[in-house]
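input-v6.txt follows; it contains compact mmCIF, C-alpha atoms.
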```txt
# COMPACT_ATOMS: atom_id res chain seq x y z
CA MET Z 1 9.76 -31.39 0.81
CA LYS Z 2 11.87 -33.68 2.93
CA ILE Z 3 10.92 -33.94 6.60
CA PHE Z 4 13.50 -34.91 9.22
CA ASN Z 5 12.75 -35.76 12.84
CA PHE Z 6 14.89 -33.41 14.92
CA HIS Z 7 15.50 -34.08 18.62
CA LEU Z 8 17.02 -31.77 21.22
CA MET Z 9 17.03 -34.43 23.97
CA PRO Z 10 16.10 -32.02 26.79
CA TYR Z 11 16.42 -33.02 30.43
CA ALA Z 12 12.66 -33.32 30.89
CA HIS Z 13 12.94 -33.56 34.70
CA ALA Z 14 14.53 -30.14 35.07
CA ASP Z 15 13.34 -28.00 37.98
CA MET Z 16 11.59 -25.16 36.16
CA ALA Z 17 11.19 -23.10 39.33
CA GLU Z 18 14.94 -23.31 39.91
CA ILE Z 19 15.63 -22.33 36.30
CA ASP Z 20 13.44 -19.26 36.88
CA ARG Z 21 15.31 -18.42 40.10
CA ASN Z 22 18.67 -18.94 38.39
CA GLY Z 23 17.60 -16.93 35.36
CA ALA Z 24 19.03 -19.48 32.94
CA ALA Z 25 18.98 -23.14 31.96
CA TRP Z 26 22.50 -22.78 30.55
CA VAL Z 27 26.00 -22.75 32.10
CA THR Z 28 24.98 -21.74 35.65
CA TYR Z 29 22.00 -24.07 36.24
CA SER Z 30 23.71 -26.54 38.57
CA ASN Z 31 24.24 -30.13 37.42
CA SER Z 32 23.28 -31.17 40.95
CA HIS Z 33 19.75 -31.18 39.49
CA TYR Z 34 20.69 -34.00 37.10
CA ASP Z 35 19.59 -37.48 38.16
CA PRO Z 36 21.55 -40.13 36.19
CA VAL Z 37 18.81 -42.74 36.66
CA LYS Z 38 16.22 -40.43 35.12
CA GLY Z 39 18.71 -39.26 32.51
CA ALA Z 40 19.48 -42.83 31.47
CA GLN Z 41 15.80 -43.46 30.84
CA LEU Z 42 15.48 -40.25 28.85
CA PHE Z 43 18.45 -41.12 26.61
CA ASN Z 44 16.94 -44.51 25.82
CA ASP Z 45 13.46 -43.07 25.24
CA TYR Z 46 14.84 -40.42 22.92
CA LEU Z 47 16.93 -42.91 20.95
CA ASP Z 48 13.83 -45.11 20.65
CA GLU Z 49 11.94 -42.14 19.19
CA LEU Z 50 14.61 -41.44 16.58
CA GLU Z 51 14.86 -45.09 15.64
CA LYS Z 52 11.07 -45.17 15.28
CA ALA Z 53 11.27 -42.12 12.99
CA ASP Z 54 13.22 -44.23 10.51
CA GLU Z 55 10.54 -46.94 10.61
CA LEU Z 56 7.77 -44.36 10.18
CA GLY Z 57 9.27 -42.95 7.00
CA PHE Z 58 10.89 -39.68 8.05
CA ASP Z 59 13.55 -38.69 5.54
CA GLY Z 60 16.16 -38.17 8.22
CA VAL Z 61 16.87 -37.93 11.92
CA CYS Z 62 18.81 -35.10 13.56
CA VAL Z 63 20.92 -34.70 16.67
CA ASN Z 64 22.88 -31.62 17.71
CA GLU Z 65 25.46 -30.24 20.13
CA HIS Z 66 25.07 -28.04 23.18
CA HIS Z 67 27.12 -27.81 26.37
CA GLN Z 68 26.30 -27.40 30.06
CA THR Z 69 22.56 -27.02 29.68
CA ALA Z 70 19.32 -28.81 30.48
CA TYR Z 71 18.10 -27.64 27.06
CA GLY Z 72 19.80 -30.61 25.39
CA MET Z 73 21.76 -33.60 26.70
CA MET Z 74 24.04 -33.92 23.67
CA PRO Z 75 27.43 -32.33 24.36
CA VAL Z 76 28.98 -35.00 22.09
CA PRO Z 77 26.39 -35.69 19.37
CA GLY Z 78 28.64 -38.24 17.68
CA VAL Z 79 27.99 -40.60 20.58
CA LEU Z 80 24.23 -40.45 19.96
CA ALA Z 81 24.75 -40.63 16.19
CA GLY Z 82 26.93 -43.68 16.72
CA ALA Z 83 24.17 -45.35 18.73
CA LEU Z 84 21.76 -44.63 15.88
CA SER Z 85 24.05 -45.49 12.99
CA ARG Z 86 23.46 -49.25 13.14
CA LYS Z 87 19.74 -48.94 13.86
CA ILE Z 88 18.42 -46.55 11.24
CA LYS Z 89 18.28 -48.28 7.86
CA LYS Z 90 16.86 -45.74 5.42
CA SER Z 91 16.91 -42.23 6.89
CA LYS Z 92 19.69 -39.70 6.61
CA LEU Z 93 21.64 -39.17 9.83
CA ALA Z 94 22.18 -35.43 10.35
CA ILE Z 95 24.49 -34.11 13.07
CA LEU Z 96 23.45 -30.44 13.26
CA GLY Z 97 26.08 -29.84 14.12
CA ARG Z 98 29.50 -30.00 15.66
CA ALA Z 99 30.77 -26.70 17.04
CA LEU Z 100 34.08 -26.44 15.18
CA PRO Z 101 35.69 -23.54 17.11
CA LEU Z 102 35.30 -25.31 20.45
CA VAL Z 103 37.73 -28.16 19.74
CA ASN Z 104 41.51 -28.14 19.93
CA ASN Z 105 41.93 -30.44 16.91
CA PRO Z 106 39.21 -30.43 14.23
CA LEU Z 107 40.60 -33.64 12.76
CA THR Z 108 38.76 -35.48 15.52
CA ILE Z 109 35.50 -34.28 13.94
CA ALA Z 110 36.68 -35.29 10.47
CA GLU Z 111 37.41 -38.78 11.79
CA GLU Z 112 34.13 -38.97 13.73
CA TYR Z 113 32.01 -38.05 10.70
CA ALA Z 114 33.98 -40.39 8.42
CA ILE Z 115 33.35 -43.36 10.71
CA LEU Z 116 29.62 -42.60 10.84
CA ASP Z 117 29.49 -42.15 7.08
CA ASN Z 118 31.09 -45.55 6.59
CA ILE Z 119 28.79 -47.32 9.03
CA THR Z 120 25.68 -45.84 7.38
CA ARG Z 121 27.12 -46.36 3.89
CA GLY Z 122 26.84 -42.72 2.98
CA ARG Z 123 23.79 -41.40 4.82
CA VAL Z 124 25.52 -38.85 7.06
CA ILE Z 125 24.94 -35.10 6.83
CA ALA Z 126 27.83 -33.17 8.36
CA GLY Z 127 26.62 -30.17 10.31
CA PHE Z 128 29.17 -27.44 11.05
CA VAL Z 129 28.29 -24.69 13.53
CA ARG Z 130 30.10 -22.00 15.48
CA GLY Z 131 28.19 -22.78 18.69
CA ILE Z 132 26.09 -20.19 20.49
CA GLY Z 133 27.65 -17.52 22.67
CA ALA Z 134 27.07 -19.36 25.95
CA GLU Z 135 29.19 -22.26 24.76
CA TYR Z 136 32.26 -20.05 24.70
CA HIS Z 137 31.77 -19.54 28.44
CA SER Z 138 31.24 -23.28 28.91
CA MET Z 139 34.36 -24.29 26.99
CA GLY Z 140 36.68 -21.40 27.83
CA VAL Z 141 37.20 -20.30 24.22
CA ASN Z 142 37.63 -16.66 23.23
CA PRO Z 143 34.38 -15.67 21.39
CA ALA Z 144 36.24 -13.02 19.40
CA GLU Z 145 38.10 -15.86 17.65
CA SER Z 146 34.91 -17.72 16.77
CA ASN Z 147 34.59 -16.84 13.09
CA GLN Z 148 38.24 -17.30 12.23
CA ARG Z 149 38.51 -20.59 14.13
CA PHE Z 150 35.35 -21.85 12.41
CA VAL Z 151 36.59 -21.08 8.90
CA GLU Z 152 40.03 -22.52 9.56
CA ALA Z 153 38.61 -25.68 11.14
CA HIS Z 154 36.26 -26.13 8.19
CA ASP Z 155 39.13 -25.82 5.72
CA LEU Z 156 41.21 -28.35 7.63
CA ILE Z 157 38.35 -30.89 7.76
CA VAL Z 158 37.44 -30.57 4.08
CA GLN Z 159 41.07 -30.80 3.01
CA SER Z 160 41.54 -33.89 5.18
CA TRP Z 161 38.62 -35.53 3.34
CA THR Z 162 39.63 -34.53 -0.18
CA LYS Z 163 43.41 -34.10 -0.31
CA PRO Z 164 45.61 -37.24 -0.23
CA GLY Z 165 47.66 -37.45 2.95
CA PRO Z 166 49.88 -37.10 4.68
CA PHE Z 167 50.21 -33.36 4.27
CA ALA Z 168 50.94 -30.45 6.58
CA PHE Z 169 48.34 -27.86 7.57
CA GLU Z 170 49.54 -24.51 8.82
CA GLY Z 171 46.99 -22.07 10.14
CA LYS Z 172 46.63 -19.40 12.77
CA TYR Z 173 44.86 -21.68 15.25
CA TYR Z 174 45.56 -25.20 13.99
CA ASN Z 175 48.97 -26.48 12.96
CA LEU Z 176 49.51 -30.15 12.13
CA ARG Z 177 52.59 -31.75 10.65
CA TYR Z 178 50.66 -34.80 9.51
CA VAL Z 179 47.11 -34.70 8.17
CA ASN Z 180 46.28 -38.26 7.11
CA PRO Z 181 42.99 -39.42 8.68
CA TRP Z 182 41.77 -42.97 8.46
CA PRO Z 183 39.06 -43.78 7.49
CA LEU Z 184 37.91 -41.42 4.75
CA PRO Z 185 34.19 -40.68 4.23
CA TYR Z 186 32.05 -43.09 2.25
CA GLN Z 187 30.50 -40.23 0.23
CA LYS Z 188 32.65 -38.50 -2.35
CA PRO Z 189 34.07 -35.97 -2.24
CA HIS Z 190 32.62 -35.78 1.29
CA PRO Z 191 29.26 -35.81 3.15
CA PRO Z 192 26.94 -32.88 2.42
CA ILE Z 193 27.71 -29.97 4.73
CA TRP Z 194 24.89 -28.07 6.43
CA THR Z 195 25.31 -24.90 8.47
CA PRO Z 196 22.68 -24.23 11.17
CA SER Z 197 22.50 -20.63 12.41
CA SER Z 198 20.23 -18.14 14.12
CA GLY Z 199 20.54 -15.63 11.28
CA SER Z 200 24.10 -14.28 11.41
CA ILE Z 201 24.81 -12.49 8.13
CA SER Z 202 28.41 -13.73 8.15
CA THR Z 203 27.18 -17.33 8.34
CA ILE Z 204 24.55 -16.71 5.66
CA ARG Z 205 27.14 -15.16 3.35
CA TRP Z 206 29.73 -17.88 3.98
CA SER Z 207 27.20 -20.71 3.49
CA ALA Z 208 25.90 -19.22 0.26
CA ALA Z 209 29.44 -18.79 -1.07
CA HIS Z 210 30.14 -22.49 -0.42
CA ARG Z 211 26.73 -23.55 -1.78
CA TYR Z 212 25.96 -25.41 1.44
CA THR Z 213 22.51 -26.02 2.90
CA TYR Z 214 21.65 -23.32 5.42
CA CYS Z 215 19.49 -24.27 8.42
CA GLN Z 216 17.53 -21.59 10.26
CA THR Z 217 17.03 -22.33 13.93
CA LEU Z 218 13.66 -21.99 15.65
CA ALA Z 219 12.09 -18.60 14.81
CA PRO Z 220 8.78 -17.08 13.68
CA ILE Z 221 8.14 -18.00 10.06
CA ALA Z 222 8.14 -14.36 8.92
CA ASN Z 223 11.67 -14.00 10.32
CA VAL Z 224 12.68 -17.26 8.64
CA ALA Z 225 11.42 -15.97 5.30
CA ARG Z 226 13.53 -12.81 5.64
CA VAL Z 227 16.63 -14.82 6.52
CA PHE Z 228 16.11 -17.15 3.57
CA ASP Z 229 15.63 -14.13 1.30
CA ALA Z 230 19.01 -12.89 2.53
CA PHE Z 231 20.55 -16.27 1.67
CA ARG Z 232 19.08 -16.13 -1.83
CA GLU Z 233 20.43 -12.60 -2.26
CA GLU Z 234 23.91 -13.77 -1.27
CA ALA Z 235 23.65 -16.71 -3.66
CA ASP Z 236 22.73 -14.32 -6.46
CA LYS Z 237 25.85 -12.30 -5.69
CA CYS Z 238 27.86 -15.51 -6.03
CA GLY Z 239 26.43 -16.11 -9.49
CA TYR Z 240 23.87 -18.82 -8.92
CA GLN Z 241 20.24 -19.28 -7.88
CA ALA Z 242 19.76 -20.96 -4.52
CA SER Z 243 17.54 -24.03 -4.60
CA PRO Z 244 14.96 -25.01 -1.93
CA ASP Z 245 17.26 -27.91 -1.01
CA GLN Z 246 19.74 -25.34 0.31
CA LEU Z 247 17.25 -24.12 2.91
CA ALA Z 248 16.10 -26.00 6.01
CA TRP Z 249 13.79 -24.74 8.74
CA SER Z 250 13.84 -26.07 12.31
CA ASN Z 251 10.32 -26.19 13.76
CA ALA Z 252 8.06 -28.21 16.03
CA ILE Z 253 4.73 -29.83 15.20
CA TYR Z 254 1.96 -31.10 17.45
CA ILE Z 255 -1.22 -32.75 16.16
CA ALA Z 256 -4.51 -33.59 17.86
CA GLU Z 257 -8.06 -34.16 16.64
CA THR Z 258 -9.00 -30.47 16.83
CA ASP Z 259 -7.16 -27.17 16.94
CA GLU Z 260 -8.44 -26.44 20.44
CA LYS Z 261 -7.38 -29.82 21.81
CA ALA Z 262 -3.96 -29.55 20.16
CA ARG Z 263 -3.34 -26.14 21.72
CA ARG Z 264 -4.52 -27.31 25.11
CA GLU Z 265 -2.32 -30.40 25.09
CA ALA Z 266 0.76 -28.70 23.67
CA ARG Z 267 0.61 -25.53 25.80
CA PRO Z 268 2.33 -26.82 28.99
CA TYR Z 269 5.19 -28.34 27.01
CA LEU Z 270 5.64 -25.21 24.92
CA GLU Z 271 5.79 -23.33 28.24
CA THR Z 272 8.64 -25.51 29.50
CA TYR Z 273 10.24 -25.45 26.06
CA GLY Z 274 10.46 -21.68 26.41
CA LYS Z 275 12.00 -21.98 29.87
CA PHE Z 276 14.77 -24.19 28.48
CA PHE Z 277 15.78 -21.19 26.33
CA LYS Z 278 16.39 -19.00 29.39
CA MET Z 279 19.92 -17.65 29.20
CA ASN Z 280 21.96 -14.81 30.65
CA PRO Z 281 21.94 -12.14 27.88
CA VAL Z 282 25.64 -11.45 28.43
CA MET Z 283 26.42 -15.13 27.83
CA MET Z 284 24.11 -15.27 24.84
CA SER Z 285 26.01 -12.51 23.02
CA PRO Z 286 29.51 -12.20 24.51
CA PRO Z 287 31.69 -9.33 23.23
CA GLY Z 288 33.37 -10.16 19.96
CA TYR Z 289 31.14 -13.12 19.12
CA SER Z 290 29.08 -11.31 16.44
CA SER Z 291 30.24 -8.69 13.97
CA ILE Z 292 28.66 -5.24 14.13
CA GLU Z 293 27.13 -5.90 10.71
CA SER Z 294 25.54 -9.15 11.93
CA VAL Z 295 24.10 -7.49 15.03
CA LYS Z 296 22.58 -4.69 12.97
CA ARG Z 297 21.20 -7.11 10.41
CA GLN Z 298 19.67 -9.39 13.03
CA ARG Z 299 17.97 -6.43 14.71
CA THR Z 300 16.39 -5.29 11.45
CA MET Z 301 15.25 -8.84 10.66
CA ARG Z 302 14.14 -9.83 14.14
CA GLY Z 303 10.49 -8.73 13.99
CA GLN Z 304 8.09 -9.72 16.72
CA ARG Z 305 9.44 -12.22 19.23
CA PRO Z 306 7.21 -14.87 20.84
CA GLN Z 307 6.68 -14.52 24.58
CA THR Z 308 4.04 -17.16 25.34
CA PRO Z 309 3.02 -20.59 24.01
CA ASP Z 310 0.20 -18.93 22.07
CA ASP Z 311 2.73 -16.51 20.56
CA LEU Z 312 4.86 -19.46 19.42
CA ILE Z 313 1.82 -20.87 17.63
CA ASP Z 314 0.37 -17.63 16.29
CA LEU Z 315 3.70 -16.40 14.91
CA GLY Z 316 4.34 -19.71 13.19
CA THR Z 317 7.38 -20.66 15.24
CA VAL Z 318 5.68 -23.98 15.94
CA ILE Z 319 2.76 -25.60 14.13
CA VAL Z 320 -0.04 -26.88 16.35
CA GLY Z 321 -3.53 -28.02 15.38
CA SER Z 322 -5.68 -30.61 13.70
CA PRO Z 323 -4.22 -32.58 10.78
CA ASN Z 324 -5.80 -30.22 8.25
CA THR Z 325 -4.58 -27.12 10.10
CA VAL Z 326 -1.06 -28.47 10.39
CA ARG Z 327 -0.91 -29.36 6.71
CA GLU Z 328 -2.24 -25.93 5.70
CA LYS Z 329 0.20 -24.08 7.95
CA LEU Z 330 3.22 -26.12 6.89
CA ALA Z 331 2.36 -25.61 3.21
CA ALA Z 332 1.87 -21.87 3.74
CA SER Z 333 5.18 -21.69 5.61
CA GLN Z 334 6.99 -23.47 2.79
CA ASP Z 335 5.47 -21.16 0.19
CA LEU Z 336 6.38 -18.08 2.23
CA ALA Z 337 9.97 -19.04 3.02
CA GLY Z 338 10.83 -21.35 0.12
CA PHE Z 339 12.56 -24.12 2.04
CA GLY Z 340 12.99 -27.71 0.92
CA TYR Z 341 13.64 -29.29 4.33
CA SER Z 342 11.53 -29.28 7.48
CA LEU Z 343 13.54 -30.25 10.58
CA THR Z 344 10.61 -31.14 12.80
CA LYS Z 345 10.62 -31.76 16.53
CA THR Z 346 7.81 -34.06 17.65
CA GLN Z 347 9.00 -33.95 21.28
CA PHE Z 348 9.68 -30.63 22.99
CA GLY Z 349 10.02 -29.26 26.50
CA THR Z 350 9.07 -31.74 29.19
CA MET Z 351 6.71 -33.71 26.95
CA PRO Z 352 6.67 -37.34 28.16
CA HIS Z 353 7.83 -40.17 25.93
CA GLU Z 354 4.39 -41.75 25.55
CA MET Z 355 2.87 -38.48 24.34
CA ALA Z 356 5.79 -37.79 21.99
CA VAL Z 357 5.44 -41.23 20.39
CA VAL Z 358 1.74 -40.63 19.65
CA ASN Z 359 2.52 -37.21 18.19
CA GLN Z 360 5.38 -38.60 16.11
CA ALA Z 361 3.08 -41.25 14.62
CA ALA Z 362 0.44 -38.61 13.88
CA VAL Z 363 2.97 -36.47 12.01
CA ALA Z 364 4.12 -39.53 10.05
CA GLU Z 365 0.55 -40.44 9.10
CA GLU Z 366 -1.03 -37.02 8.63
CA VAL Z 367 1.85 -34.94 7.25
CA LEU Z 368 4.58 -36.98 5.58
CA PRO Z 369 2.51 -38.48 2.72
CA TYR Z 370 1.10 -35.07 1.75
CA PHE Z 371 4.51 -33.37 1.44
CA LYS Z 372 6.62 -36.10 -0.14
CA ASP Z 373 6.86 -34.40 -3.53
CA ARG Z 374 5.81 -30.88 -2.58
CA VAL Z 375 7.96 -27.92 -3.61
CA PRO Z 376 7.56 -24.24 -2.65
CA GLN Z 377 4.94 -22.41 -4.69
CA PRO Z 378 6.15 -18.79 -4.90
CA ALA Z 379 2.91 -17.65 -6.49
CA LYS Z 380 1.19 -18.36 -3.17
CA ARG Z 381 3.70 -16.33 -1.16
CA ALA Z 382 1.56 -13.19 -1.13
CA ALA Z 383 -1.34 -15.15 0.34
CA ALA Z 384 0.97 -16.66 2.98
CA GLU Z 385 2.17 -13.19 3.96
```

Same coordinates, now as structure tokens:
Amino acid sequence: MKIFNFHLMPYAHADMAEIDRNGAAWVTYSNSHYDPVKGAQLFNDYLDELEKADELGFDGVCVNEHHQTAYGMMPVPGVLAGALSRKIKKSKLAILGRALPLVNNPLTIAEEYAILDNITRGRVIAGFVRGIGAEYHSMGVNPAESNQRFVEAHDLIVQSWTKPGPFAFEGKYYNLRYVNPWPLPYQKPHPPIWTPSSGSISTIRWSAAHRYTYCQTLAPIANVARVFDAFREEADKCGYQASPDQLAWSNAIYIAETDEKARREARPYLETYGKFFKMNPVMMSPPGYSSIESVKRQRTMRGQRPQTPDDLIDLGTVIVGSPNTVREKLAASQDLAGFGYSLTKTQFGTMPHEMAVVNQAAVAEEVLPYFKDRVPQPAKRAAAE
């Protein structure tokens, strides 16, 4: 297994009572609650944590994109990736990902990723996402066009990396007389493409058809296993067997000396982590964003949904406990779901920097060495279930 350190960069000074009153931490939670002095410190603390992840031996570091939310301060993840690109020396640099349908010209993303890939000499992972429903409210894009814009933007970017320019690209949403980006990516034919998702069947099917790595966002491990089974089924239909390296699970880990202490220490930050997810249901799933098939599929695969910090732990959405407990749970999760990548948050919610650094070091010491060469063991799946 390869373990990446994933960071959401939340605004840890958010007013949780105001988020409760507003009913959401996205789109309508006023930016008047943002203090640039505090935000500046958070950005530097978070970048320090990701740079430290490289020193500690994590296989990669991850940033991502969200807009108009206290959940994550990374509306332009390339800026944060650029800050990291000269600092991290060994780890992969994963941008998970850029929301392709939200831009007017996807070539800007092709250029952005190519620059980063050159600076890191080929250690970039190019994440492509549609963006969640709320982002279509934030950016004023028609959610009913999401899938088509995503596919067309993807095709334009990949062609720009692999087809000698200049050439013309004519699509429904993007029309360019000259496609001839400089520079080109360091990796050939292009950086590996990963597709994070919350379980949309259209995304699963499309990712499997392209043989990309599919990343499941935070969810109970039983749900993750069902989604990954769906990916493997789609791969089978495409004539190949999906490998564990095509499956990545986003999770969070917290370690302390005992299970009880770990739960006690993590609980308040899991509570605020949950509050950062608060979102107007209409904005979460705007009309036209998801196909009827995807909605039906997600409902059948949803299972039990965590409501409390203890639910998050008990349902395996996050892994909290002593070193032995964490290792046992992560191994059981890998055997159940069959993934080859763990995208692990060591800071979550309003957890302070000092506490996150201690937890990050504990994960590096107590988890990384034990999973370096570990692969899923399907024979143990029944026991994990």

> With only C-alpha atoms as the basis for distance, which of Z:Gly338, Z:Pro166, Z:Pro376, Z:Pro185 is at the shortest distance from Ala222 in chain Z?
Replying inline: Z:Gly338

> Counting all atoms listed in the file, what is within 12 Å of Ala110 in chain Z, bar same-chain residues fewer than 3 positions away, as number ranges by chain?
Replying inline: Z: 78, 98, 100, 103, 105-107, 113-117, 126-128, 153-162, 179-185, 190-191, 193

Selection to disk with C-alpha atoms, as an mmCIF file, in the coordinates of the input:
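Done, and the output landed in result-v7.cif:
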```cif
data_model
loop_
_atom_site.group_PDB
_atom_site.id
_atom_site.type_symbol
_atom_site.label_atom_id
_atom_site.label_comp_id
_atom_site.auth_asym_id
_atom_site.auth_seq_id
_atom_site.Cartn_x
_atom_site.Cartn_y
_atom_site.Cartn_z
ATOM 1 C CA GLY Z 78 28.640 -38.240 17.680
ATOM 2 C CA ARG Z 98 29.500 -30.000 15.660
ATOM 3 C CA LEU Z 100 34.080 -26.440 15.180
ATOM 4 C CA VAL Z 103 37.730 -28.160 19.740
ATOM 5 C CA ASN Z 105 41.930 -30.440 16.910
ATOM 6 C CA PRO Z 106 39.210 -30.430 14.230
ATOM 7 C CA LEU Z 107 40.600 -33.640 12.760
ATOM 8 C CA TYR Z 113 32.010 -38.050 10.700
ATOM 9 C CA ALA Z 114 33.980 -40.390 8.420
ATOM 10 C CA ILE Z 115 33.350 -43.360 10.710
ATOM 11 C CA LEU Z 116 29.620 -42.600 10.840
ATOM 12 C CA ASP Z 117 29.490 -42.150 7.080
ATOM 13 C CA ALA Z 126 27.830 -33.170 8.360
ATOM 14 C CA GLY Z 127 26.620 -30.170 10.310
ATOM 15 C CA PHE Z 128 29.170 -27.440 11.050
ATOM 16 C CA ALA Z 153 38.610 -25.680 11.140
ATOM 17 C CA HIS Z 154 36.260 -26.130 8.190
ATOM 18 C CA ASP Z 155 39.130 -25.820 5.720
ATOM 19 C CA LEU Z 156 41.210 -28.350 7.630
ATOM 20 C CA ILE Z 157 38.350 -30.890 7.760
ATOM 21 C CA VAL Z 158 37.440 -30.570 4.080
ATOM 22 C CA GLN Z 159 41.070 -30.800 3.010
ATOM 23 C CA SER Z 160 41.540 -33.890 5.180
ATOM 24 C CA TRP Z 161 38.620 -35.530 3.340
ATOM 25 C CA THR Z 162 39.630 -34.530 -0.180
ATOM 26 C CA VAL Z 179 47.110 -34.700 8.170
ATOM 27 C CA ASN Z 180 46.280 -38.260 7.110
ATOM 28 C CA PRO Z 181 42.990 -39.420 8.680
ATOM 29 C CA TRP Z 182 41.770 -42.970 8.460
ATOM 30 C CA PRO Z 183 39.060 -43.780 7.490
ATOM 31 C CA LEU Z 184 37.910 -41.420 4.750
ATOM 32 C CA PRO Z 185 34.190 -40.680 4.230
ATOM 33 C CA HIS Z 190 32.620 -35.780 1.290
ATOM 34 C CA PRO Z 191 29.260 -35.810 3.150
ATOM 35 C CA ILE Z 193 27.710 -29.970 4.730
#
```

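For the atom pair formed by CA of Ala94 in chain Z and CA of Val61 in chain Z, the distance is 6.1 Å, given to one decimal.
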
> Which residue, Z:His7, Z:Arg374, Z:Arg205, Z:Lys2, has the smallest gap to Lys345 in chain Z when you use only C-alpha atoms?
Replying inline: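 Between Z:His7, Z:Arg374, Z:Arg205, Z:Lys2, the residue approaching Lys345 in chain Z most closely is Z:His7.
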
>> Quick check, in Å to one decimal: how far apart do CA of Ser207 in chain Z and CA of Arg226 in chain Z lie?
In response: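 Spanning CA of Ser207 in chain Z to CA of Arg226 in chain Z is a straight-line distance of 15.9 Å.
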
>> So that I can check the surroundings of Val363 in chain Z, please list as an NGL selection string every protein, DNA and RNA residue that reaches within 12 Å of it, counting all atoms listed in the file and ignoring chain neighbours fewer than 3 positions away.
In response: :Z and (3-5 or 53 or 56-58 or 252-256 or 319-324 or 326-327 or 330 or 344-347 or 356-360 or 366-371)

>> Give me the residues near range 169-172 of chain Z as a list in words, where near means some atom within 9 Å (using all atoms listed in the file) and where sequence neighbours in that chain fewer than 4 positions away do not count.
In response: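 After dropping sequence-adjacent residues, the list is Gln148, Arg149, Glu152, Leu156, Leu176, Arg177, Tyr178 and Val179 of chain Z.
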
Within 8 Å of range 24-44 of chain Z, which residues of range 246-340 of chain Z show up? Give each one with its shortest atom-to-atom distance in Å (one decimal) and the two atoms involved, counting only C-alpha atoms, rows by chain then rising residue number, as JSON lines.
```
{"residue": "Z:Lys275", "atom": "CA", "partner": "Z:Ala25", "partner_atom": "CA", "distance": 7.4}
{"residue": "Z:Phe276", "atom": "CA", "partner": "Z:Ala25", "partner_atom": "CA", "distance": 5.6}
{"residue": "Z:Phe277", "atom": "CA", "partner": "Z:Ala25", "partner_atom": "CA", "distance": 6.8}
{"residue": "Z:Lys278", "atom": "CA", "partner": "Z:Ala24", "partner_atom": "CA", "distance": 4.4}
{"residue": "Z:Met279", "atom": "CA", "partner": "Z:Ala24", "partner_atom": "CA", "distance": 4.3}
{"residue": "Z:Asn280", "atom": "CA", "partner": "Z:Ala24", "partner_atom": "CA", "distance": 6.0}
```

>> My list of candidates is Z:Ala230, Z:Thr350, Z:Gln216, Z:Cys238. Which is closest to Thr317 in chain Z when distances are computed with all atoms listed in the file?
In response: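 Once distances to Thr317 in chain Z are computed over all atoms listed in the file, the minimum belongs to Z:Gln216.
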
>> Nearest residue to Leu315 in chain Z out of Z:Met284, Z:Val375, Z:Ala361, Z:Asn223, using only C-alpha atoms?
In response: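 Using only C-alpha atoms, the shortest distance to Leu315 in chain Z belongs to Z:Asn223.
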
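Taking CA of Tyr212 in chain Z as the reference point, CA of Ser138 in chain Z is found at 28.1 Å.
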
>> Applying 12 Å and all atoms listed in the file, which residues near Pro268 in chain Z remain after dropping the ones on its own chain fewer than 5 positions away? List them as a list in words.
In response: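 Within the cut-off, the hits are Met16, Ala262, Arg263, Tyr273, Gly274, Lys275, Thr308, Pro309, Asp310, Phe348, Gly349, Thr350, Met351 and Pro352 of chain Z.
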
> For Glu18 in chain Z, which of Z:Thr258, Z:Val151, Z:Leu336, Z:Ala70 is the closest residue, counting all atoms listed in the file?
Replying inline: Z:Ala70

Please check which residues have atoms at most 12 Å from (30.3, -33.2, 26.2) in the file's coordinates, counting all atoms listed in the file, and write them as a PDB file with C-alpha atoms, keeping the file's coordinate frame.
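Final file, out.pdb:
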```pdb
ATOM      1  CA  ASN Z  64      22.880 -31.620  17.710  1.00  0.00           C
ATOM      2  CA  GLU Z  65      25.460 -30.240  20.130  1.00  0.00           C
ATOM      3  CA  HIS Z  66      25.070 -28.040  23.180  1.00  0.00           C
ATOM      4  CA  HIS Z  67      27.120 -27.810  26.370  1.00  0.00           C
ATOM      5  CA  GLN Z  68      26.300 -27.400  30.060  1.00  0.00           C
ATOM      6  CA  THR Z  69      22.560 -27.020  29.680  1.00  0.00           C
ATOM      7  CA  GLY Z  72      19.800 -30.610  25.390  1.00  0.00           C
ATOM      8  CA  MET Z  73      21.760 -33.600  26.700  1.00  0.00           C
ATOM      9  CA  MET Z  74      24.040 -33.920  23.670  1.00  0.00           C
ATOM     10  CA  PRO Z  75      27.430 -32.330  24.360  1.00  0.00           C
ATOM     11  CA  VAL Z  76      28.980 -35.000  22.090  1.00  0.00           C
ATOM     12  CA  PRO Z  77      26.390 -35.690  19.370  1.00  0.00           C
ATOM     13  CA  GLY Z  78      28.640 -38.240  17.680  1.00  0.00           C
ATOM     14  CA  VAL Z  79      27.990 -40.600  20.580  1.00  0.00           C
ATOM     15  CA  LEU Z  80      24.230 -40.450  19.960  1.00  0.00           C
ATOM     16  CA  ARG Z  98      29.500 -30.000  15.660  1.00  0.00           C
ATOM     17  CA  ALA Z  99      30.770 -26.700  17.040  1.00  0.00           C
ATOM     18  CA  LEU Z 102      35.300 -25.310  20.450  1.00  0.00           C
ATOM     19  CA  VAL Z 103      37.730 -28.160  19.740  1.00  0.00           C
ATOM     20  CA  GLU Z 135      29.190 -22.260  24.760  1.00  0.00           C
ATOM     21  CA  SER Z 138      31.240 -23.280  28.910  1.00  0.00           C
ATOM     22  CA  MET Z 139      34.360 -24.290  26.990  1.00  0.00           C
TER      23      MET Z 139
END
```

> Do you know which residues are at most 7 Å from range 286-289 of chain Z counting all atoms listed in the file, after dropping those on the same chain fewer than 2 positions away, and could you put them as a list in words?
Replying inline: Gly133, Pro143, Ala144, Ser146, Val282, Met283, Met284 and Ser291 of chain Z
